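*Asks:* Sharing input-v8.cif here; it has mmCIF, C-alpha atoms.
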```cif
data_my_file
#
loop_
_atom_site.label_atom_id
_atom_site.label_comp_id
_atom_site.auth_asym_id
_atom_site.auth_seq_id
_atom_site.Cartn_x
_atom_site.Cartn_y
_atom_site.Cartn_z
CA MET A 1 8.92 8.99 -16.43
CA ALA A 2 9.02 8.23 -12.70
CA GLU A 3 10.86 5.15 -11.55
CA TYR A 4 9.59 3.12 -8.63
CA SER A 5 11.32 0.68 -6.33
CA CYS A 6 9.77 -2.37 -4.74
CA LEU A 7 11.09 -4.59 -1.98
CA ILE A 8 9.90 -8.21 -2.02
CA VAL A 9 10.28 -9.97 1.33
CA GLU A 10 9.68 -13.70 0.91
CA ASP A 11 11.51 -16.74 2.27
CA SER A 12 10.48 -19.11 -0.52
CA PRO A 13 12.79 -18.74 -3.56
CA MET A 14 9.99 -20.07 -5.74
CA MET A 15 7.51 -17.44 -4.57
CA ARG A 16 10.16 -14.72 -4.85
CA GLN A 17 10.83 -15.78 -8.41
CA LEU A 18 7.13 -15.76 -9.18
CA LEU A 19 6.70 -12.28 -7.70
CA VAL A 20 9.74 -11.00 -9.62
CA PHE A 21 8.28 -12.41 -12.85
CA ALA A 22 4.93 -10.80 -12.12
CA LEU A 23 6.29 -7.40 -11.14
CA ALA A 24 8.67 -7.32 -14.12
CA ARG A 25 5.49 -6.55 -16.08
CA VAL A 26 5.11 -3.22 -14.26
CA LYS A 27 6.93 -0.52 -16.22
CA ASN A 28 9.69 1.40 -14.44
CA LEU A 29 9.52 -0.77 -11.33
CA ARG A 30 12.86 -1.85 -9.91
CA VAL A 31 12.58 -4.92 -7.70
CA THR A 32 14.86 -5.88 -4.80
CA GLU A 33 14.56 -9.22 -3.01
CA ALA A 34 14.91 -10.04 0.69
CA ASP A 35 14.94 -13.58 2.20
CA ASP A 36 13.04 -12.78 5.39
CA GLY A 37 11.93 -9.99 7.72
CA VAL A 38 15.40 -9.29 9.10
CA ASP A 39 16.93 -9.15 5.63
CA GLY A 40 14.03 -6.91 4.63
CA LEU A 41 14.73 -4.47 7.49
CA ARG A 42 18.40 -4.42 6.58
CA LYS A 43 17.56 -3.46 3.02
CA LEU A 44 15.04 -0.87 4.19
CA ALA A 45 17.74 0.72 6.37
CA SER A 46 20.03 1.25 3.43
CA ALA A 47 17.58 2.44 0.77
CA ARG A 48 14.21 3.98 0.31
CA TYR A 49 11.44 1.92 -1.34
CA ASP A 50 8.14 3.02 -2.84
CA ILE A 51 6.33 -0.21 -1.98
CA ILE A 52 6.92 -3.38 0.05
CA VAL A 53 5.45 -6.78 -0.83
CA THR A 54 5.88 -9.26 2.01
CA ASP A 55 4.88 -12.77 2.93
CA ILE A 56 3.41 -13.27 6.43
CA ASN A 57 4.71 -16.74 7.27
CA MET A 58 8.49 -16.48 7.37
CA PRO A 59 11.21 -17.74 9.73
CA ILE A 60 13.29 -15.37 11.91
CA MET A 61 10.88 -12.45 11.50
CA ASP A 62 7.40 -12.84 10.08
CA GLY A 63 5.58 -10.38 7.88
CA LEU A 64 3.36 -8.93 10.62
CA LYS A 65 6.40 -8.04 12.77
CA LEU A 66 8.00 -6.51 9.71
CA VAL A 67 4.91 -4.37 9.11
CA LYS A 68 5.04 -3.13 12.74
CA ARG A 69 8.73 -2.24 12.45
CA VAL A 70 8.26 -0.51 9.12
CA ARG A 71 5.38 1.57 10.43
CA SER A 72 7.52 2.76 13.36
CA ASP A 73 10.34 3.81 11.01
CA PRO A 74 9.94 7.51 10.07
CA LEU A 75 11.56 6.89 6.69
CA HIS A 76 9.06 4.22 5.66
CA LYS A 77 6.03 4.84 7.85
CA ASP A 78 3.95 5.83 4.84
CA THR A 79 5.32 3.26 2.39
CA PRO A 80 2.51 1.09 1.00
CA ILE A 81 2.72 -2.55 2.15
CA VAL A 82 1.14 -5.54 0.45
CA ILE A 83 0.79 -8.68 2.58
CA ILE A 84 0.83 -12.14 0.98
CA THR A 85 -0.28 -15.14 2.96
CA THR A 86 -2.04 -18.47 2.86
CA GLU A 87 -4.54 -17.29 5.46
CA GLY A 88 -7.82 -16.38 3.85
CA SER A 89 -10.03 -15.52 6.79
CA GLN A 90 -11.49 -12.08 7.35
CA GLU A 91 -9.89 -11.89 10.85
CA ASP A 92 -6.37 -12.37 9.48
CA ARG A 93 -7.04 -9.80 6.83
CA GLN A 94 -8.24 -7.32 9.45
CA ARG A 95 -5.21 -8.05 11.65
CA ALA A 96 -2.78 -7.32 8.85
CA LEU A 97 -4.64 -4.18 7.80
CA GLN A 98 -4.87 -2.90 11.40
CA LEU A 99 -1.11 -3.27 11.76
CA GLY A 100 -0.71 -0.94 8.83
CA ALA A 101 -0.72 -3.09 5.70
CA ASN A 102 -2.41 -1.42 2.74
CA ALA A 103 -3.50 -4.49 0.81
CA TYR A 104 -3.81 -8.21 1.28
CA ILE A 105 -3.33 -11.00 -1.27
CA THR A 106 -4.02 -14.64 -0.49
CA LYS A 107 -2.13 -17.62 -1.91
CA PRO A 108 -2.09 -19.13 -4.41
CA ILE A 109 -1.22 -15.78 -5.93
CA GLN A 110 -2.32 -14.73 -9.39
CA ALA A 111 0.14 -12.52 -11.26
CA PRO A 112 -2.54 -10.14 -12.62
CA GLN A 113 -3.81 -9.54 -9.07
CA VAL A 114 -0.30 -8.76 -7.78
CA ILE A 115 0.32 -6.39 -10.69
CA ALA A 116 -3.04 -4.64 -10.25
CA THR A 117 -2.53 -4.21 -6.47
CA VAL A 118 0.97 -2.78 -6.82
CA LYS A 119 -0.06 -0.44 -9.64
CA GLU A 120 -3.05 0.78 -7.67
CA LEU A 121 -0.98 1.55 -4.56
CA LEU A 122 1.70 3.31 -6.62
CA LYS A 123 -1.01 5.10 -8.62
CA ILE A 124 0.45 3.86 -11.90
CA PRO A 125 -2.19 4.03 -14.69
CA MET B 1 -54.10 104.57 -38.28
CA SER B 2 -57.18 106.54 -37.63
CA ASP B 3 -54.90 109.57 -37.01
CA ASN B 4 -53.24 109.09 -40.42
CA SER B 5 -56.58 108.90 -42.21
CA GLU B 6 -57.67 112.12 -40.55
CA LYS B 7 -54.54 113.97 -41.83
CA ARG B 8 -55.13 112.62 -45.36
CA PRO B 9 -56.48 115.16 -47.88
CA PRO B 10 -60.19 114.88 -48.49
CA ALA B 11 -61.13 112.44 -51.19
CA SER B 12 -62.04 114.03 -54.50
CA SER B 13 -64.60 111.30 -55.28
CA GLU B 14 -66.18 108.03 -53.96
CA PRO B 15 -65.01 105.60 -56.61
CA PRO B 16 -61.34 105.47 -55.59
CA ALA B 17 -62.35 104.47 -52.05
CA ASN B 18 -64.51 101.80 -53.33
CA ASP B 19 -61.77 100.53 -55.52
CA LEU B 20 -59.44 100.35 -52.64
CA ARG B 21 -61.97 98.57 -50.51
CA ARG B 22 -62.58 96.15 -53.27
CA GLU B 23 -58.90 95.62 -53.80
CA LYS B 24 -58.48 95.19 -50.10
CA GLU B 25 -61.27 92.66 -49.95
CA GLN B 26 -59.84 90.88 -52.94
CA PHE B 27 -56.44 90.92 -51.38
CA LEU B 28 -57.83 89.69 -48.12
CA ALA B 29 -59.77 87.01 -49.92
CA THR B 30 -56.70 85.97 -51.88
CA PHE B 31 -54.58 86.11 -48.73
CA GLY B 32 -57.13 84.02 -46.88
CA ILE B 33 -57.06 81.42 -49.63
CA GLY B 34 -53.27 81.42 -49.50
CA ALA B 35 -53.36 81.11 -45.77
CA ARG B 36 -55.82 78.24 -45.96
CA LEU B 37 -53.74 76.59 -48.62
CA SER B 38 -50.65 77.07 -46.52
CA GLU B 39 -52.44 75.62 -43.51
CA GLU B 40 -53.67 72.74 -45.60
CA MET B 41 -50.16 72.23 -47.00
CA ILE B 42 -48.65 72.33 -43.53
CA SER B 43 -51.28 69.95 -42.31
CA GLU B 44 -50.70 67.67 -45.30
CA TYR B 45 -46.96 67.89 -44.74
CA GLU B 46 -47.35 66.90 -41.11
CA ARG B 47 -49.65 64.04 -42.11
CA VAL B 48 -47.12 62.85 -44.71
CA ILE B 49 -44.27 63.14 -42.21
CA SER B 50 -46.30 61.21 -39.70
CA ARG B 51 -47.14 58.56 -42.30
CA LEU B 52 -43.49 58.40 -43.33
CA ARG B 53 -42.43 57.85 -39.75
CA TYR B 54 -45.07 55.22 -39.37
CA LEU B 55 -43.90 53.49 -42.52
CA GLU B 56 -40.29 53.77 -41.48
CA ASN B 57 -41.14 52.18 -38.14
CA GLU B 58 -43.17 49.53 -39.86
CA ASN B 59 -40.33 48.90 -42.26
CA ALA B 60 -37.84 48.59 -39.44
CA ARG B 61 -40.17 46.25 -37.59
CA LEU B 62 -40.71 44.10 -40.63
CA ARG B 63 -37.02 44.06 -41.42
CA SER B 64 -36.13 42.98 -37.90
CA ALA B 65 -38.89 40.38 -38.03
CA VAL B 66 -37.48 39.02 -41.28
CA GLU B 67 -33.98 39.09 -39.88
CA ALA B 68 -35.15 37.31 -36.73
CA ASP B 69 -36.93 34.74 -38.86
CA VAL B 70 -33.80 34.12 -40.90
CA ALA B 71 -31.75 33.93 -37.72
CA VAL B 72 -34.18 31.42 -36.26
CA ARG B 73 -34.05 29.36 -39.42
CA GLU B 74 -30.25 29.48 -39.35
CA LEU B 75 -30.23 28.50 -35.69
CA LEU B 76 -32.56 25.59 -36.34
CA ALA B 77 -30.37 24.43 -39.20
CA LYS B 78 -27.34 24.75 -36.99
CA ILE B 79 -29.02 22.79 -34.19
CA GLU B 80 -29.97 20.08 -36.66
CA ARG B 81 -26.42 19.91 -37.95
CA LEU B 82 -25.04 19.78 -34.41
CA GLU B 83 -27.53 17.04 -33.52
CA ARG B 84 -26.33 15.01 -36.49
CA GLU B 85 -22.72 15.59 -35.49
CA LYS B 86 -23.53 14.60 -31.92
CA GLU B 87 -25.19 11.39 -33.06
CA GLU B 88 -22.21 10.60 -35.24
CA LEU B 89 -19.81 11.29 -32.39
CA VAL B 90 -21.87 9.18 -29.97
CA HIS B 91 -21.89 6.37 -32.53
CA ARG B 92 -18.14 6.64 -33.01
CA PHE B 93 -17.61 6.87 -29.25
CA ARG B 94 -19.62 3.66 -28.78
CA GLU B 95 -17.60 1.95 -31.48
CA VAL B 96 -14.33 3.05 -29.89
CA GLU B 97 -15.64 2.08 -26.45
CA ALA B 98 -16.58 -1.39 -27.70
CA SER B 99 -13.24 -1.73 -29.42
CA SER B 100 -11.43 -0.48 -26.30
CA SER B 101 -13.39 -2.90 -24.14
CA GLY B 102 -12.40 -5.69 -26.53
CA PHE B 103 -8.74 -4.66 -26.30
CA SER B 104 -9.01 -4.41 -22.53
CA ASP B 105 -10.52 -7.92 -22.29
CA ARG B 106 -7.85 -9.29 -24.60
CA PHE B 107 -5.15 -7.49 -22.62
CA GLN B 108 -6.43 -9.05 -19.40
CA GLU B 109 -6.55 -12.48 -21.03
CA ILE B 110 -2.95 -12.08 -22.18
CA GLU B 111 -1.89 -10.87 -18.72
CA ALA B 112 -3.56 -13.93 -17.18
CA GLU B 113 -1.87 -16.19 -19.76
CA LEU B 114 1.51 -14.64 -19.00
CA GLY B 115 0.85 -15.15 -15.28
CA ASN B 116 0.02 -18.81 -15.93
CA LEU B 117 3.14 -19.27 -18.03
CA ALA B 118 5.20 -17.65 -15.27
CA ASN B 119 3.71 -20.15 -12.79
CA LEU B 120 4.61 -23.07 -15.05
CA LEU B 121 8.10 -21.75 -15.74
CA VAL B 122 8.79 -21.19 -12.06
CA ALA B 123 7.38 -24.60 -11.13
CA SER B 124 9.44 -26.32 -13.82
CA ARG B 125 12.61 -24.54 -12.72
CA GLN B 126 11.92 -25.45 -9.13
CA LEU B 127 11.46 -29.14 -9.85
CA HIS B 128 14.87 -29.33 -11.52
CA ALA B 129 16.72 -26.95 -9.22
CA SER B 130 17.87 -29.61 -6.80
CA LEU B 131 19.65 -32.94 -7.07
CA SER B 132 18.89 -34.07 -3.53
CA PRO B 133 15.76 -36.23 -3.06
CA ARG B 134 14.77 -34.19 -0.02
CA GLY B 135 15.26 -30.92 -1.91
CA VAL B 136 13.20 -32.15 -4.84
CA MET B 137 10.43 -33.36 -2.55
CA ARG B 138 10.40 -30.01 -0.73
CA ARG B 139 10.00 -28.24 -4.07
CA VAL B 140 7.21 -30.57 -5.22
CA LYS B 141 5.40 -29.84 -1.97
CA GLU B 142 6.01 -26.13 -2.42
CA VAL B 143 4.52 -26.18 -5.92
CA LEU B 144 1.47 -28.01 -4.58
CA ALA B 145 1.03 -25.68 -1.60
CA GLN B 146 2.05 -22.32 -3.06
CA LEU B 147 0.98 -22.58 -6.70
CA VAL B 148 -1.91 -25.03 -6.64
CA GLY B 149 -3.13 -24.00 -3.18
CA ALA B 150 -3.27 -27.58 -1.86
CA GLU B 151 -3.79 -27.81 1.90
CA ARG B 152 -3.90 -31.58 2.45
CA TYR B 153 -2.09 -33.82 0.02
CA ALA B 154 0.10 -36.91 -0.25
CA ILE B 155 2.60 -38.27 -2.76
CA TYR B 156 2.58 -42.04 -3.26
CA PHE B 157 5.08 -44.29 -5.03
CA VAL B 158 4.39 -47.88 -5.99
CA ASN B 159 6.24 -50.45 -3.91
CA ARG B 160 8.87 -52.77 -5.37
CA GLU B 161 6.33 -55.60 -5.65
CA GLY B 162 4.00 -53.34 -7.59
CA THR B 163 1.07 -54.11 -5.30
CA GLU B 164 0.59 -50.99 -3.22
CA LEU B 165 0.96 -47.25 -3.35
CA VAL B 166 3.13 -46.14 -0.44
CA PRO B 167 2.98 -42.52 0.84
CA ILE B 168 6.44 -40.98 0.66
CA ALA B 169 5.51 -37.39 1.52
CA SER B 170 2.43 -35.59 2.77
CA GLU B 171 1.06 -32.41 4.27
CA GLY B 172 -1.91 -31.81 6.56
CA ILE B 173 -2.77 -35.49 7.03
CA ALA B 174 -2.58 -37.25 10.38
CA GLY B 175 -0.13 -40.19 10.53
CA ASN B 176 -2.80 -42.81 11.13
CA ASP B 177 -4.72 -41.62 8.06
CA LEU B 178 -1.69 -41.99 5.87
CA LEU B 179 -2.07 -45.56 4.72
CA ASN B 180 -0.76 -47.67 1.87
CA ARG B 181 -3.33 -47.90 -0.91
CA PRO B 182 -3.92 -50.90 -3.16
CA ILE B 183 -3.11 -50.29 -6.81
CA HIS B 184 -6.46 -51.71 -7.76
CA GLY B 185 -9.66 -50.11 -6.57
CA GLY B 186 -10.40 -46.64 -5.29
CA VAL B 187 -9.65 -43.37 -7.02
CA LEU B 188 -5.91 -43.64 -6.43
CA GLY B 189 -5.79 -47.16 -7.87
CA GLU B 190 -7.89 -46.07 -10.85
CA VAL B 191 -5.54 -43.22 -11.64
CA PHE B 192 -2.47 -45.42 -11.13
CA THR B 193 -3.70 -48.20 -13.43
CA SER B 194 -5.13 -45.90 -16.13
CA GLY B 195 -2.32 -43.34 -16.02
CA ARG B 196 -4.94 -40.57 -16.39
CA SER B 197 -5.66 -37.77 -13.91
CA ILE B 198 -8.99 -37.45 -12.17
CA ILE B 199 -9.71 -33.79 -11.39
CA LEU B 200 -13.18 -32.91 -10.16
CA ASP B 201 -14.22 -29.58 -11.67
CA ASP B 202 -17.79 -29.61 -10.35
CA VAL B 203 -17.00 -29.63 -6.63
CA ASP B 204 -15.41 -27.15 -4.24
CA PRO B 205 -11.93 -28.67 -3.73
CA SER B 206 -11.54 -26.93 -0.37
CA HIS B 207 -14.22 -29.32 0.96
CA GLY B 208 -12.46 -32.45 -0.28
CA THR B 209 -12.03 -35.50 1.99
CA LEU B 210 -9.61 -38.41 2.34
CA ASP B 211 -12.21 -40.65 0.71
CA GLY B 212 -13.01 -38.19 -2.08
CA PRO B 213 -9.87 -36.33 -3.19
CA PRO B 214 -10.76 -33.60 -5.72
CA ALA B 215 -7.54 -34.20 -7.70
CA VAL B 216 -5.40 -37.31 -8.25
CA VAL B 217 -2.54 -37.12 -10.74
CA PRO B 218 -0.36 -39.99 -12.00
CA LEU B 219 3.43 -39.72 -11.65
CA ILE B 220 4.97 -40.95 -14.87
CA VAL B 221 8.56 -41.92 -15.66
CA ASP B 222 9.46 -43.12 -19.15
CA GLU B 223 5.77 -43.61 -20.03
CA LYS B 224 5.27 -45.80 -16.97
CA THR B 225 3.16 -44.79 -13.97
CA VAL B 226 5.24 -45.04 -10.82
CA GLY B 227 2.98 -43.32 -8.33
CA VAL B 228 0.28 -40.71 -7.79
CA ILE B 229 -0.19 -37.31 -6.18
CA ALA B 230 -3.49 -37.03 -4.30
CA VAL B 231 -4.80 -33.60 -3.31
CA TYR B 232 -7.34 -34.21 -0.56
CA SER B 233 -8.36 -30.59 -0.04
CA THR B 234 -7.29 -27.08 -0.97
CA LEU B 235 -7.01 -23.85 1.01
CA ALA B 236 -10.37 -22.33 2.01
CA GLN B 237 -10.05 -19.53 -0.55
CA LYS B 238 -9.27 -21.96 -3.36
CA THR B 239 -12.78 -23.01 -4.32
CA ARG B 240 -12.13 -24.31 -7.84
CA PHE B 241 -9.33 -25.48 -10.07
CA ASP B 242 -8.36 -23.05 -12.84
CA THR B 243 -6.75 -23.70 -16.22
CA VAL B 244 -3.30 -23.13 -14.77
CA ASP B 245 -3.94 -25.79 -12.10
CA TYR B 246 -4.60 -28.39 -14.79
CA GLU B 247 -1.33 -27.35 -16.44
CA LEU B 248 0.50 -27.54 -13.11
CA PHE B 249 -0.91 -31.02 -12.48
CA ASN B 250 0.29 -32.10 -15.94
CA LEU B 251 3.71 -30.61 -15.22
CA LEU B 252 3.93 -32.36 -11.84
CA GLY B 253 2.77 -35.64 -13.33
CA SER B 254 5.37 -35.60 -16.07
CA GLN B 255 8.30 -33.95 -14.28
CA ALA B 256 8.02 -34.51 -10.54
CA ALA B 257 8.63 -38.25 -10.73
CA TRP B 258 11.58 -37.73 -13.09
CA ALA B 259 13.08 -35.21 -10.70
CA ILE B 260 12.58 -37.49 -7.69
CA VAL B 261 13.97 -40.57 -9.46
CA SER B 262 16.94 -38.65 -10.88
CA ALA B 263 17.78 -37.13 -7.52
CA THR B 264 17.46 -40.51 -5.80
CA LEU B 265 19.77 -42.17 -8.36
CA PHE B 266 22.24 -39.30 -8.09
CA ALA B 267 22.22 -39.68 -4.30
CA ALA B 268 22.71 -43.44 -4.71
CA VAL B 269 26.02 -42.85 -6.54
CA ASP B 270 27.15 -40.39 -3.86
CA HIS B 271 26.49 -37.36 -6.06
CA ARG B 272 29.24 -38.34 -8.44
CA LEU B 273 28.93 -37.00 -11.94
CA PRO B 274 29.39 -39.62 -14.66
CA GLY B 275 32.79 -39.72 -16.32
CA LEU B 276 33.35 -38.66 -19.90
CA GLU B 277 33.31 -42.30 -20.99
CA ALA B 278 29.59 -42.35 -20.17
CA PHE B 279 28.99 -39.86 -23.00
CA VAL B 280 31.08 -41.54 -25.65
CA ASP B 281 28.26 -43.51 -27.18
CA LEU B 282 25.97 -40.49 -27.24
CA SER B 283 27.49 -38.90 -30.33
CA VAL B 284 25.19 -39.14 -33.32
#
```
Output the file's structure in the form of structure tokens.
*Replies:*
Amino acid sequence: MAEYSCLIVEDSPMMRQLLVFALARVKNLRVTEADDGVDGLRKLASARYDIIVTDINMPIMDGLKLVKRVRSDPLHKDTPIVIITTEGSQEDRQRALQLGANAYITKPIQAPQVIATVKELLKIP
Amino acid sequence: MSDNSEKRPPASSEPPANDLRREKEQFLATFGIGARLSEEMISEYERVISRLRYLENENARLRSAVEADVAVRELLAKIERLEREKEELVHRFREVEASSSGFSDRFQEIEAELGNLANLLVASRQLHASLSPRGVMRRVKEVLAQLVGAERYAIYFVNREGTELVPIASEGIAGNDLLNRPIHGGVLGEVFTSGRSIILDDVDPSHGTLDGPPAVVPLIVDEKTVGVIAVYSTLAQKTRFDTVDYELFNLLGSQAAWAIVSATLFAAVDHRLPGLEAFVDLSV
């Protein structure tokens, strides 16, 4: 059975923990955590990931900048990206999607929604 | 022949010629009968052959008709049997589908329950993950913002005199709107004095106001209400409180104040852990 790897980029330890709990329910998904955008890029430089789940509002480097950088990286330009943010407006959603994000989840997050989004992007039945 | 008869010796008398003629005529007559009989027999034979062929053809036609009839009957029986099988399969498929749908619904319910439990576990861990008052307060705010989806909220503690609720932390509220509240009167006072939450489940909490907070939760320490959390409005996409929000409010009400008080007391003794002598009387 295929094994997948996921990088969670989130500055809040509580949200990271919640995402790890949620994604632990996806079979054969290995999760790596990053504290912010810069830490996320560092981890992306040293390994290949099948999917990235990132918060938008983060210090040092926010999620939108991270999406831009990931999309310009040949190694990860096609890696699915899920954006998580408190912003719920259609404009913010469009902005994130135009930058190259594949899906958008608004806070407060619901574990079943996170699981369903990740499984759909990884094409896990 | 005429030449041969001329060379023949002259007949001695008439009678022999007559006899021959008669014999010839008889022979011819007999031969003619035979020939007619033969013709009739041939004709009859041909008629019989023709009739036989006709009957054979008729027989073949009838046989094929009977065979076709039997085949049709067999086909009809087969179709009927297949129809019955189809109906049975459709019935079974519908049963399995209904059962599968039931399993799927139950699976989704369990997934949602697990998600809710994960929220509560994470929130609980967060509240007790720090022993600094500021750290605890940051975590309480994070639970409110990230898990409940609160946009504007304030945390009040009762003052030493026990007359007013004083805001000790807030988010999204202008300074001049952040006032002390009397412990009697108003929603906050009602929740403080009764020790029971007021959570409006029939309004959109994202449209809440400072005068009409959609959720006010008492902060309880040792069965005594020491303050309240007031959620004045939620994020735009959070249009109603779910089951997990009620659980989170209960958790905050029962654990947040404990965490804040414990952290404050720990800070008051300069983060010194109690000596072993403090545990001596604990043995049972």
*Asks:* Taking all atoms listed in the file into account and nothing else, which residues of chain A lie no more than 12 Å away from chain B? Please answer as a count of residues only.
*Replies:* 36
*Asks:* Which residues would end up in the selection if the PyMOL selection byres ((chain A and resi 30-46) around 6) were applied here, given that I need the answer as a count of residues only?
*Replies:* 12
*Asks:* If you apply the PyMOL selection byres ((chain B and resi 197-206) around 8) to this file, what residues do you get, as a list in words?
*Replies:* Val187, Val191, Gly195, Arg196, His207, Gly208, Pro213, Pro214, Ala215, Val216, Val217, Pro218, Tyr232, Ser233, Thr234, Leu235, Ala236, Gln237, Lys238, Thr239, Arg240 and Phe241 of chain B
*Asks:* Could you jot down the atom CA of Thr79 of chain A to atom CA of Val53 of chain A separation for me, Å, one decimal place?
*Replies:*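 So the two atoms, atom CA of Thr79 of chain A and atom CA of Val53 of chain A, lie 10.5 Å apart.
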*Asks:* Please indicate the distance in Å from atom CA of Gly172 of chain B to atom CA of Met137 of chain B, rounded to one decimal place.
*Replies:* 15.4 Å
*Asks:* Working from the structure I just supplied, which lacks atoms in segment 208-221 of chain B, can you model N, CA and C atoms there and output them as a CSV table (one decimal), in the coordinates of the input?
*Replies:*
```
chain,number,residue,atom,x,y,z
B,208,GLY,N,-12.8,-31.1,0.0
B,208,GLY,CA,-12.5,-32.4,-0.3
B,208,GLY,C,-12.2,-33.3,1.0
B,209,THR,N,-12.3,-34.6,0.8
B,209,THR,CA,-12.0,-35.5,2.0
B,209,THR,C,-11.0,-36.6,1.6
B,210,LEU,N,-10.6,-37.3,2.6
B,210,LEU,CA,-9.6,-38.4,2.3
B,210,LEU,C,-10.2,-39.5,1.5
B,211,ASP,N,-11.5,-39.6,1.5
B,211,ASP,CA,-12.2,-40.6,0.7
B,211,ASP,C,-12.6,-40.1,-0.7
B,212,GLY,N,-12.6,-38.8,-0.8
B,212,GLY,CA,-13.0,-38.2,-2.1
B,212,GLY,C,-12.1,-37.1,-2.5
B,213,PRO,N,-10.8,-37.4,-2.8
B,213,PRO,CA,-9.9,-36.3,-3.2
B,213,PRO,C,-10.3,-35.6,-4.5
B,214,PRO,N,-10.3,-34.3,-4.5
B,214,PRO,CA,-10.8,-33.6,-5.7
B,214,PRO,C,-9.8,-33.7,-6.9
B,215,ALA,N,-8.5,-34.1,-6.6
B,215,ALA,CA,-7.5,-34.2,-7.7
B,215,ALA,C,-6.5,-35.3,-7.4
B,216,VAL,N,-6.4,-36.3,-8.3
B,216,VAL,CA,-5.4,-37.3,-8.2
B,216,VAL,C,-4.7,-37.3,-9.6
B,217,VAL,N,-3.3,-37.3,-9.5
B,217,VAL,CA,-2.5,-37.1,-10.7
B,217,VAL,C,-1.5,-38.3,-10.8
B,218,PRO,N,-1.4,-38.9,-11.9
B,218,PRO,CA,-0.4,-40.0,-12.0
B,218,PRO,C,1.1,-39.4,-12.1
B,219,LEU,N,2.0,-40.1,-11.5
B,219,LEU,CA,3.4,-39.7,-11.6
B,219,LEU,C,4.0,-40.7,-12.7
B,220,ILE,N,4.5,-40.1,-13.7
B,220,ILE,CA,5.0,-41.0,-14.9
B,220,ILE,C,6.5,-40.8,-15.1
B,221,VAL,N,7.1,-41.9,-15.3
B,221,VAL,CA,8.6,-41.9,-15.7
B,221,VAL,C,8.7,-42.9,-16.9
```
